[in-house]
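To be precise, the following lines are coords.cif, and they hold mmCIF, C-alpha atoms.
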data_input
loop_
_atom_site.group_PDB
_atom_site.id
_atom_site.type_symbol
_atom_site.label_atom_id
_atom_site.label_comp_id
_atom_site.auth_asym_id
_atom_site.auth_seq_id
_atom_site.Cartn_x
_atom_site.Cartn_y
_atom_site.Cartn_z
ATOM 1 C CA MET M 1 43.733 -47.685 -91.679
ATOM 2 C CA ALA M 2 42.219 -44.229 -92.105
ATOM 3 C CA ASN M 3 45.475 -42.309 -92.657
ATOM 4 C CA PHE M 4 47.512 -44.995 -94.392
ATOM 5 C CA PRO M 5 46.823 -45.596 -98.079
ATOM 6 C CA GLU M 6 45.478 -48.943 -99.100
ATOM 7 C CA THR M 7 47.899 -50.898 -101.246
ATOM 8 C CA ASN M 8 47.223 -50.342 -104.919
ATOM 9 C CA HIS M 9 48.070 -53.708 -106.436
ATOM 10 C CA SER M 10 48.098 -52.179 -109.902
ATOM 11 C CA LEU M 11 50.800 -49.765 -108.762
ATOM 12 C CA VAL M 12 52.783 -52.584 -107.133
ATOM 13 C CA ALA M 13 52.580 -54.525 -110.393
ATOM 14 C CA ARG M 14 53.815 -51.502 -112.362
ATOM 15 C CA ILE M 15 56.884 -50.907 -110.181
ATOM 16 C CA LYS M 16 58.092 -54.393 -111.037
ATOM 17 C CA ASP M 17 59.244 -52.622 -114.186
ATOM 18 C CA LEU M 18 62.220 -50.783 -112.712
ATOM 19 C CA GLY M 19 62.271 -48.512 -115.737
ATOM 20 C CA ASP M 20 58.775 -47.174 -115.029
ATOM 21 C CA GLY M 21 59.906 -43.930 -113.448
ATOM 22 C CA ALA M 22 56.428 -42.420 -113.124
ATOM 23 C CA SER M 23 55.146 -45.394 -111.145
ATOM 24 C CA TRP M 24 58.204 -45.386 -108.884
ATOM 25 C CA ILE M 25 57.760 -41.671 -108.179
ATOM 26 C CA GLU M 26 54.122 -42.313 -107.249
ATOM 27 C CA PHE M 27 55.028 -45.339 -105.108
ATOM 28 C CA MET M 28 57.808 -43.561 -103.224
ATOM 29 C CA GLY M 29 55.654 -40.487 -102.725
ATOM 30 C CA ILE M 30 53.150 -42.681 -100.903
ATOM 31 C CA TYR M 31 55.472 -44.850 -98.816
ATOM 32 C CA GLN M 32 58.704 -42.908 -98.261
ATOM 33 C CA PRO M 33 57.264 -40.502 -95.664
ATOM 34 C CA VAL M 34 55.927 -43.403 -93.617
ATOM 35 C CA VAL M 35 59.255 -45.240 -93.653
ATOM 36 C CA TYR M 36 61.052 -42.016 -92.711
ATOM 37 C CA ARG M 37 58.762 -41.429 -89.728
ATOM 38 C CA MET M 38 59.203 -45.024 -88.594
ATOM 39 C CA ALA M 39 62.974 -44.523 -88.583
ATOM 40 C CA LYS M 40 62.721 -41.224 -86.707
ATOM 41 C CA ARG M 41 60.441 -42.713 -84.083
ATOM 42 C CA ARG M 42 63.026 -45.428 -83.432
ATOM 43 C CA GLY M 43 65.565 -42.702 -82.612
ATOM 44 C CA LEU M 44 67.487 -42.237 -85.852
ATOM 45 C CA GLN M 45 68.674 -38.755 -86.771
ATOM 46 C CA ASP M 46 67.590 -37.155 -90.047
ATOM 47 C CA ALA M 47 70.606 -38.266 -92.116
ATOM 48 C CA ASP M 48 70.351 -41.846 -90.819
ATOM 49 C CA ALA M 49 66.599 -41.914 -91.416
ATOM 50 C CA GLN M 50 67.201 -40.713 -94.974
ATOM 51 C CA ASP M 51 69.780 -43.481 -95.465
ATOM 52 C CA VAL M 52 67.345 -46.073 -94.130
ATOM 53 C CA MET M 53 64.621 -44.783 -96.418
ATOM 54 C CA GLN M 54 66.958 -45.139 -99.404
ATOM 55 C CA GLN M 55 68.034 -48.641 -98.337
ATOM 56 C CA VAL M 56 64.443 -49.777 -97.908
ATOM 57 C CA PHE M 57 63.516 -48.827 -101.455
ATOM 58 C CA ILE M 58 66.699 -50.353 -102.860
ATOM 59 C CA SER M 59 65.658 -53.573 -101.094
ATOM 60 C CA VAL M 60 62.124 -53.260 -102.456
ATOM 61 C CA ALA M 61 63.465 -52.782 -105.973
ATOM 62 C CA GLY M 62 65.587 -55.910 -105.599
ATOM 63 C CA ALA M 63 62.788 -58.074 -104.235
ATOM 64 C CA ILE M 64 59.555 -56.705 -105.711
ATOM 65 C CA ASP M 65 59.529 -59.158 -108.609
ATOM 66 C CA ARG M 66 59.211 -62.000 -106.062
ATOM 67 C CA TRP M 67 56.215 -60.491 -104.268
ATOM 68 C CA GLN M 68 52.828 -61.768 -105.371
ATOM 69 C CA PRO M 69 49.410 -61.011 -103.845
ATOM 70 C CA ASP M 70 48.192 -64.153 -102.130
ATOM 71 C CA GLU M 71 45.257 -64.577 -99.755
ATOM 72 C CA LYS M 72 47.273 -67.195 -97.870
ATOM 73 C CA ARG M 73 50.007 -64.712 -97.006
ATOM 74 C CA PRO M 74 49.957 -61.344 -95.216
ATOM 75 C CA PRO M 75 49.534 -58.268 -97.445
ATOM 76 C CA PHE M 76 51.999 -55.963 -99.146
ATOM 77 C CA ARG M 77 51.954 -53.421 -96.300
ATOM 78 C CA ALA M 78 53.146 -56.116 -93.914
ATOM 79 C CA TRP M 79 55.919 -57.147 -96.315
ATOM 80 C CA LEU M 80 57.074 -53.537 -96.695
ATOM 81 C CA THR M 81 56.949 -52.964 -92.930
ATOM 82 C CA THR M 82 59.174 -56.000 -92.390
ATOM 83 C CA ILE M 83 61.767 -54.658 -94.846
ATOM 84 C CA ALA M 84 61.650 -51.240 -93.154
ATOM 85 C CA GLY M 85 61.916 -52.750 -89.684
ATOM 86 C CA ASN M 86 64.940 -54.827 -90.675
ATOM 87 C CA ALA M 87 66.674 -51.783 -92.197
ATOM 88 C CA ILE M 88 65.990 -49.652 -89.120
ATOM 89 C CA THR M 89 67.276 -52.350 -86.781
ATOM 90 C CA LYS M 90 70.467 -52.703 -88.821
ATOM 91 C CA ALA M 91 70.975 -48.930 -88.773
ATOM 92 C CA LEU M 92 70.511 -48.842 -85.010
ATOM 93 C CA THR M 93 73.047 -51.625 -84.439
ATOM 94 C CA ARG M 94 75.608 -49.856 -86.642
ATOM 95 C CA ARG M 95 75.480 -46.599 -84.641
ATOM 96 C CA PRO M 96 78.494 -45.910 -82.410
ATOM 97 C CA ARG M 97 77.565 -46.649 -78.812
ATOM 98 C CA ASP M 98 78.951 -43.347 -77.531
ATOM 99 C CA ARG M 99 77.162 -41.264 -80.120
ATOM 100 C CA ALA M 100 75.227 -38.298 -78.714
ATOM 101 C CA SER M 101 76.071 -39.206 -75.141
ATOM 102 C CA GLY M 102 75.018 -36.542 -72.673
ATOM 103 C CA SER M 103 75.439 -33.360 -74.681
ATOM 104 C CA THR M 104 72.379 -33.792 -76.887
ATOM 105 C CA SER M 105 70.011 -35.254 -74.319
ATOM 106 C CA VAL M 106 67.531 -32.387 -74.753
ATOM 107 C CA PHE M 107 67.386 -32.945 -78.511
ATOM 108 C CA GLU M 108 67.033 -36.686 -77.995
ATOM 109 C CA LEU M 109 64.163 -36.075 -75.595
ATOM 110 C CA ILE M 110 62.435 -33.845 -78.134
ATOM 111 C CA ASN M 111 62.975 -36.343 -80.937
ATOM 112 C CA ALA M 112 61.603 -39.133 -78.749
ATOM 113 C CA GLN M 113 58.262 -37.361 -78.374
ATOM 114 C CA PRO M 114 55.461 -38.630 -80.604
ATOM 115 C CA GLU M 115 55.133 -36.733 -83.868
ATOM 116 C CA SER M 116 51.686 -35.245 -84.337
ATOM 117 C CA ASP M 117 51.497 -35.026 -88.102
ATOM 118 C CA ALA M 118 49.628 -37.326 -90.426
ATOM 119 C CA HIS M 119 52.678 -39.320 -91.504
ATOM 120 C CA SER M 120 53.556 -40.193 -87.915
ATOM 121 C CA GLN M 121 50.006 -41.313 -87.295
ATOM 122 C CA ALA M 122 50.155 -43.342 -90.487
ATOM 123 C CA ALA M 123 53.335 -45.072 -89.323
ATOM 124 C CA LEU M 124 51.747 -45.984 -86.007
ATOM 125 C CA GLU M 125 48.638 -47.251 -87.727
ATOM 126 C CA MET M 126 50.714 -49.254 -90.192
ATOM 127 C CA GLN M 127 52.538 -50.956 -87.336
ATOM 128 C CA MET M 128 49.285 -51.708 -85.527
ATOM 129 C CA GLU M 129 47.687 -52.973 -88.708
ATOM 130 C CA LEU M 130 50.677 -55.218 -89.354
ATOM 131 C CA LYS M 131 50.267 -56.817 -85.932
ATOM 132 C CA LYS M 132 46.541 -57.278 -86.442
ATOM 133 C CA GLU M 133 46.861 -58.708 -89.933
ATOM 134 C CA THR M 134 49.687 -61.017 -88.928
ATOM 135 C CA PHE M 135 47.598 -62.302 -86.026
ATOM 136 C CA ARG M 136 44.499 -62.728 -88.209
ATOM 137 C CA TRP M 137 46.507 -64.576 -90.836
ATOM 138 C CA ALA M 138 48.192 -66.865 -88.305
ATOM 139 C CA ALA M 139 44.934 -67.492 -86.431
ATOM 140 C CA GLN M 140 43.143 -68.416 -89.644
ATOM 141 C CA LYS M 141 45.935 -70.792 -90.584
ATOM 142 C CA VAL M 142 46.054 -72.687 -87.275
ATOM 143 C CA ARG M 143 42.311 -72.623 -86.455
ATOM 144 C CA GLY M 144 41.684 -76.030 -88.004
ATOM 145 C CA ASP M 145 44.326 -77.672 -85.809
ATOM 146 C CA PHE M 146 42.195 -77.350 -82.667
ATOM 147 C CA SER M 147 38.813 -78.470 -81.398
ATOM 148 C CA GLN M 148 36.068 -75.906 -80.935
ATOM 149 C CA SER M 149 36.343 -76.052 -77.142
ATOM 150 C CA THR M 150 40.119 -75.542 -77.206
ATOM 151 C CA TRP M 151 39.833 -72.632 -79.600
ATOM 152 C CA ASP M 152 36.996 -71.034 -77.618
ATOM 153 C CA ALA M 153 39.000 -71.303 -74.381
ATOM 154 C CA PHE M 154 41.966 -69.595 -76.044
ATOM 155 C CA TRP M 155 39.874 -66.920 -77.734
ATOM 156 C CA SER M 156 37.877 -66.041 -74.645
ATOM 157 C CA THR M 157 40.887 -65.665 -72.365
ATOM 158 C CA SER M 158 43.551 -64.343 -74.758
ATOM 159 C CA VAL M 159 41.578 -62.212 -77.210
ATOM 160 C CA LEU M 160 38.427 -61.222 -75.337
ATOM 161 C CA ASN M 161 40.380 -60.932 -72.051
ATOM 162 C CA GLU M 162 37.839 -62.891 -70.040
ATOM 163 C CA SER M 163 39.141 -64.364 -66.808
ATOM 164 C CA VAL M 164 39.975 -68.060 -66.652
ATOM 165 C CA ALA M 165 37.558 -68.415 -63.737
ATOM 166 C CA ALA M 166 34.685 -66.883 -65.715
ATOM 167 C CA VAL M 167 35.357 -69.079 -68.743
ATOM 168 C CA ALA M 168 35.640 -72.165 -66.572
ATOM 169 C CA GLU M 169 32.276 -71.394 -64.993
ATOM 170 C CA SER M 170 30.519 -70.738 -68.299
ATOM 171 C CA THR M 171 31.961 -73.770 -70.105
ATOM 172 C CA ASN M 172 32.281 -76.314 -67.283
ATOM 173 C CA LEU M 173 35.950 -76.710 -68.168
ATOM 174 C CA LYS M 174 38.541 -76.920 -65.440
ATOM 175 C CA ALA M 175 40.899 -73.980 -65.091
ATOM 176 C CA GLY M 176 43.874 -76.239 -65.782
ATOM 177 C CA ALA M 177 42.352 -77.370 -69.083
ATOM 178 C CA ILE M 178 41.835 -73.744 -70.111
ATOM 179 C CA TYR M 179 45.453 -72.863 -69.348
ATOM 180 C CA VAL M 180 46.639 -75.867 -71.371
ATOM 181 C CA ALA M 181 44.363 -74.959 -74.289
ATOM 182 C CA ARG M 182 45.570 -71.373 -74.285
ATOM 183 C CA HIS M 183 49.209 -72.447 -74.156
ATOM 184 C CA ARG M 184 48.803 -74.877 -77.054
ATOM 185 C CA VAL M 185 47.171 -72.332 -79.350
ATOM 186 C CA LEU M 186 49.619 -69.556 -78.449
ATOM 187 C CA ALA M 187 52.558 -71.872 -79.130
ATOM 188 C CA ARG M 188 51.223 -72.642 -82.625
ATOM 189 C CA LEU M 189 50.549 -68.973 -83.327
ATOM 190 C CA LYS M 190 54.110 -68.096 -82.310
ATOM 191 C CA GLU M 191 55.426 -70.730 -84.709
ATOM 192 C CA GLU M 192 53.458 -69.228 -87.584
ATOM 193 C CA VAL M 193 54.523 -65.668 -86.776
ATOM 194 C CA ALA M 194 58.167 -66.770 -86.509
ATOM 195 C CA GLY M 195 57.816 -68.415 -89.904
ATOM 196 C CA ILE M 196 56.606 -65.147 -91.390
ATOM 197 C CA SER M 197 59.592 -63.305 -89.942
ATOM 198 C CA GLN M 198 62.040 -65.819 -91.392
ATOM 199 C CA GLN M 199 60.306 -65.829 -94.754
ATOM 200 C CA TRP M 200 60.539 -62.042 -95.020
ATOM 201 C CA GLU M 201 64.128 -61.649 -93.783
ATOM 202 C CA LEU M 202 65.801 -59.694 -96.567
#
Could you render the structure as structure tokens?
Amino acid sequence: MANFPETNHSLVARIKDLGDGASWIEFMGIYQPVVYRMAKRRGLQDADAQDVMQQVFISVAGAIDRWQPDEKRPPFRAWLTTIAGNAITKALTRRPRDRASGSTSVFELINAQPESDAHSQAALEMQMELKKETFRWAAQKVRGDFSQSTWDAFWSTSVLNESVAAVAESTNLKAGAIYVARHRVLARLKEEVAGISQQWEL
């Protein structure tokens, strides 16, 4: 993540002391702009994005003492992104349905365009990194549940995007067996990812 700062676990440990104002200023200076850009990209106006940003860090303050670095769980950035995503979704569902109907379509179109600054790029990269890390974590967790041939059939067709026909020819597996293998692994991965979402619902 070239434009998104790596999580400083020392800083995260320091903000568990809610009275450590200097650490909180440093933490919010790093992460607030990214949360704000995430909210704006989802279509929230400035005041709503500011409210979301405030709510996210109130939620972080209330839950940070329960977060611990653990190789068996996705990283801090993923945890923070989940909190931000939940807050943005709640803000979007609270908006009046007739808000900004018709008269501000030009402004909405402008606001919907991708932002070109570094914070916008950081938000996009954070979201992509979250997806990648969640997949890596889930894949690592379920890998031992499957035989090598089942895993290889899944990986070749779902990750490497090789055709089922090509994999069948190179492995002497029947196409039907490859489809079944892929379905089984994907189902387990979805279970793990759903578990993460439930675990992080704040």
Item to check | Which of M:Leu18, M:Ala84, M:Ala63, M:Val12 sits closest to Pro33 of chain M [using only C-alpha atoms] | outcome: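 Under the stated criterion, the closest residue is M:Ala84.
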Checklist entry - What lies within 12 Å of Val60 of chain M using all atoms listed in the file, ignoring chain neighbours under 2 positions off, as number ranges by chain? => result M: 12, 15-16, 18, 24, 27-28, 31-32, 53-58, 62-67, 76-77, 79-84, 87, 200, 202
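Take the candidates M:Ala22, M:Ala61, M:Leu189, M:Ala91 and check each one against Gly43 of chain M using all atoms listed in the file; the shortest distance goes to M:Ala91.
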Checklist entry - Neighbours of Gly176 of chain M within 12 Å (all atoms listed in the file; same-chain residues fewer than 5 positions away dropped), as number ranges by chain? => result M: 153, 164-165, 167-168, 181-183
Checklist entry - Within 9 Å of (59.0, -40.5, -91.6), in the coordinates the file gives, what residues turn up when you count all atoms listed in the file, written out as JSON, numbers by chain? => result {"M": [32, 33, 34, 35, 36, 37, 38, 39, 40, 41, 49, 50, 53, 119, 120, 123]}
Could those selected residues go to a file with C-alpha atoms, as a PDB file, in the coordinates of the input?
ATOM      1  CA  GLN M  32      58.704 -42.908 -98.261  1.00  0.00           C
ATOM      2  CA  PRO M  33      57.264 -40.502 -95.664  1.00  0.00           C
ATOM      3  CA  VAL M  34      55.927 -43.403 -93.617  1.00  0.00           C
ATOM      4  CA  VAL M  35      59.255 -45.240 -93.653  1.00  0.00           C
ATOM      5  CA  TYR M  36      61.052 -42.016 -92.711  1.00  0.00           C
ATOM      6  CA  ARG M  37      58.762 -41.429 -89.728  1.00  0.00           C
ATOM      7  CA  MET M  38      59.203 -45.024 -88.594  1.00  0.00           C
ATOM      8  CA  ALA M  39      62.974 -44.523 -88.583  1.00  0.00           C
ATOM      9  CA  LYS M  40      62.721 -41.224 -86.707  1.00  0.00           C
ATOM     10  CA  ARG M  41      60.441 -42.713 -84.083  1.00  0.00           C
ATOM     11  CA  ALA M  49      66.599 -41.914 -91.416  1.00  0.00           C
ATOM     12  CA  GLN M  50      67.201 -40.713 -94.974  1.00  0.00           C
ATOM     13  CA  MET M  53      64.621 -44.783 -96.418  1.00  0.00           C
ATOM     14  CA  HIS M 119      52.678 -39.320 -91.504  1.00  0.00           C
ATOM     15  CA  SER M 120      53.556 -40.193 -87.915  1.00  0.00           C
ATOM     16  CA  ALA M 123      53.335 -45.072 -89.323  1.00  0.00           C
TER      17      ALA M 123
END
Checklist outcome for this item: Judged by all atoms listed in the file, the minimum distance to Gln140 of chain M among M:Ser59, M:Lys72, M:Leu173, M:Glu26 is found for M:Lys72
How big is the axis-aligned box around the listed atoms of segment 190-193 of chain M once 3 Å is added on each side, and where is its centre? Give both in Å to one decimal, as JSON.
{"center_x": 54.4, "center_y": -68.2, "center_z": -84.9, "size_x": 8.0, "size_y": 11.1, "size_z": 11.3}
Checklist entry - At what distance in Å, to one decimal, does atom CA of Glu162 of chain M lie from atom CA of Ile178 of chain M? => result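 If I compute the distance from atom CA of Ile178 of chain M to atom CA of Glu162 of chain M, I get 11.6 Å.
Put simply, atom CA of Ala138 of chain M is 11.3 Å away from atom CA of Ala187 of chain M.
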Item to check | Of the listed residues M:Asn86, M:Asn8, M:Ser149, M:Thr134, that which approaches Ser170 of chain M most closely, counting all atoms listed in the file | outcome: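 So, comparing all the options, the nearest one is M:Ser149.
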Checklist outcome for this item: In Å and to one decimal, atom CA of Arg188 of chain M is distant from atom CA of Asn161 of chain M by 19.1 Å
With the file shown as input, list the residues that the PyMOL selection byres ((chain M and resi 192) around 12) selects, as a PDB file with C-alpha atoms, in the frame of the given file.
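And here is the file that came out, result-v9.pdb:
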ATOM      1  CA  ARG M  73      50.007 -64.712 -97.006  1.00  0.00           C
ATOM      2  CA  PRO M  74      49.957 -61.344 -95.216  1.00  0.00           C
ATOM      3  CA  THR M 134      49.687 -61.017 -88.928  1.00  0.00           C
ATOM      4  CA  PHE M 135      47.598 -62.302 -86.026  1.00  0.00           C
ATOM      5  CA  ARG M 136      44.499 -62.728 -88.209  1.00  0.00           C
ATOM      6  CA  TRP M 137      46.507 -64.576 -90.836  1.00  0.00           C
ATOM      7  CA  ALA M 138      48.192 -66.865 -88.305  1.00  0.00           C
ATOM      8  CA  ALA M 139      44.934 -67.492 -86.431  1.00  0.00           C
ATOM      9  CA  GLN M 140      43.143 -68.416 -89.644  1.00  0.00           C
ATOM     10  CA  LYS M 141      45.935 -70.792 -90.584  1.00  0.00           C
ATOM     11  CA  VAL M 142      46.054 -72.687 -87.275  1.00  0.00           C
ATOM     12  CA  ARG M 143      42.311 -72.623 -86.455  1.00  0.00           C
ATOM     13  CA  VAL M 185      47.171 -72.332 -79.350  1.00  0.00           C
ATOM     14  CA  LEU M 186      49.619 -69.556 -78.449  1.00  0.00           C
ATOM     15  CA  ALA M 187      52.558 -71.872 -79.130  1.00  0.00           C
ATOM     16  CA  ARG M 188      51.223 -72.642 -82.625  1.00  0.00           C
ATOM     17  CA  LEU M 189      50.549 -68.973 -83.327  1.00  0.00           C
ATOM     18  CA  LYS M 190      54.110 -68.096 -82.310  1.00  0.00           C
ATOM     19  CA  GLU M 191      55.426 -70.730 -84.709  1.00  0.00           C
ATOM     20  CA  VAL M 193      54.523 -65.668 -86.776  1.00  0.00           C
ATOM     21  CA  ALA M 194      58.167 -66.770 -86.509  1.00  0.00           C
ATOM     22  CA  GLY M 195      57.816 -68.415 -89.904  1.00  0.00           C
ATOM     23  CA  ILE M 196      56.606 -65.147 -91.390  1.00  0.00           C
ATOM     24  CA  SER M 197      59.592 -63.305 -89.942  1.00  0.00           C
ATOM     25  CA  GLN M 198      62.040 -65.819 -91.392  1.00  0.00           C
ATOM     26  CA  GLN M 199      60.306 -65.829 -94.754  1.00  0.00           C
TER      27      GLN M 199
END
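Candidate residues M:Lys90, M:Arg42, M:Lys132, M:Lys174 were compared for distance to Pro75 of chain M, and the nearest is M:Lys132, using all atoms listed in the file.
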Item to check | Nearest-residue call for Val180 of chain M, choices M:Asp70, M:Gly85, M:Thr157, M:Arg94, using all atoms listed in the file | outcome: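 The answer is M:Thr157, which sits nearest to Val180 of chain M.
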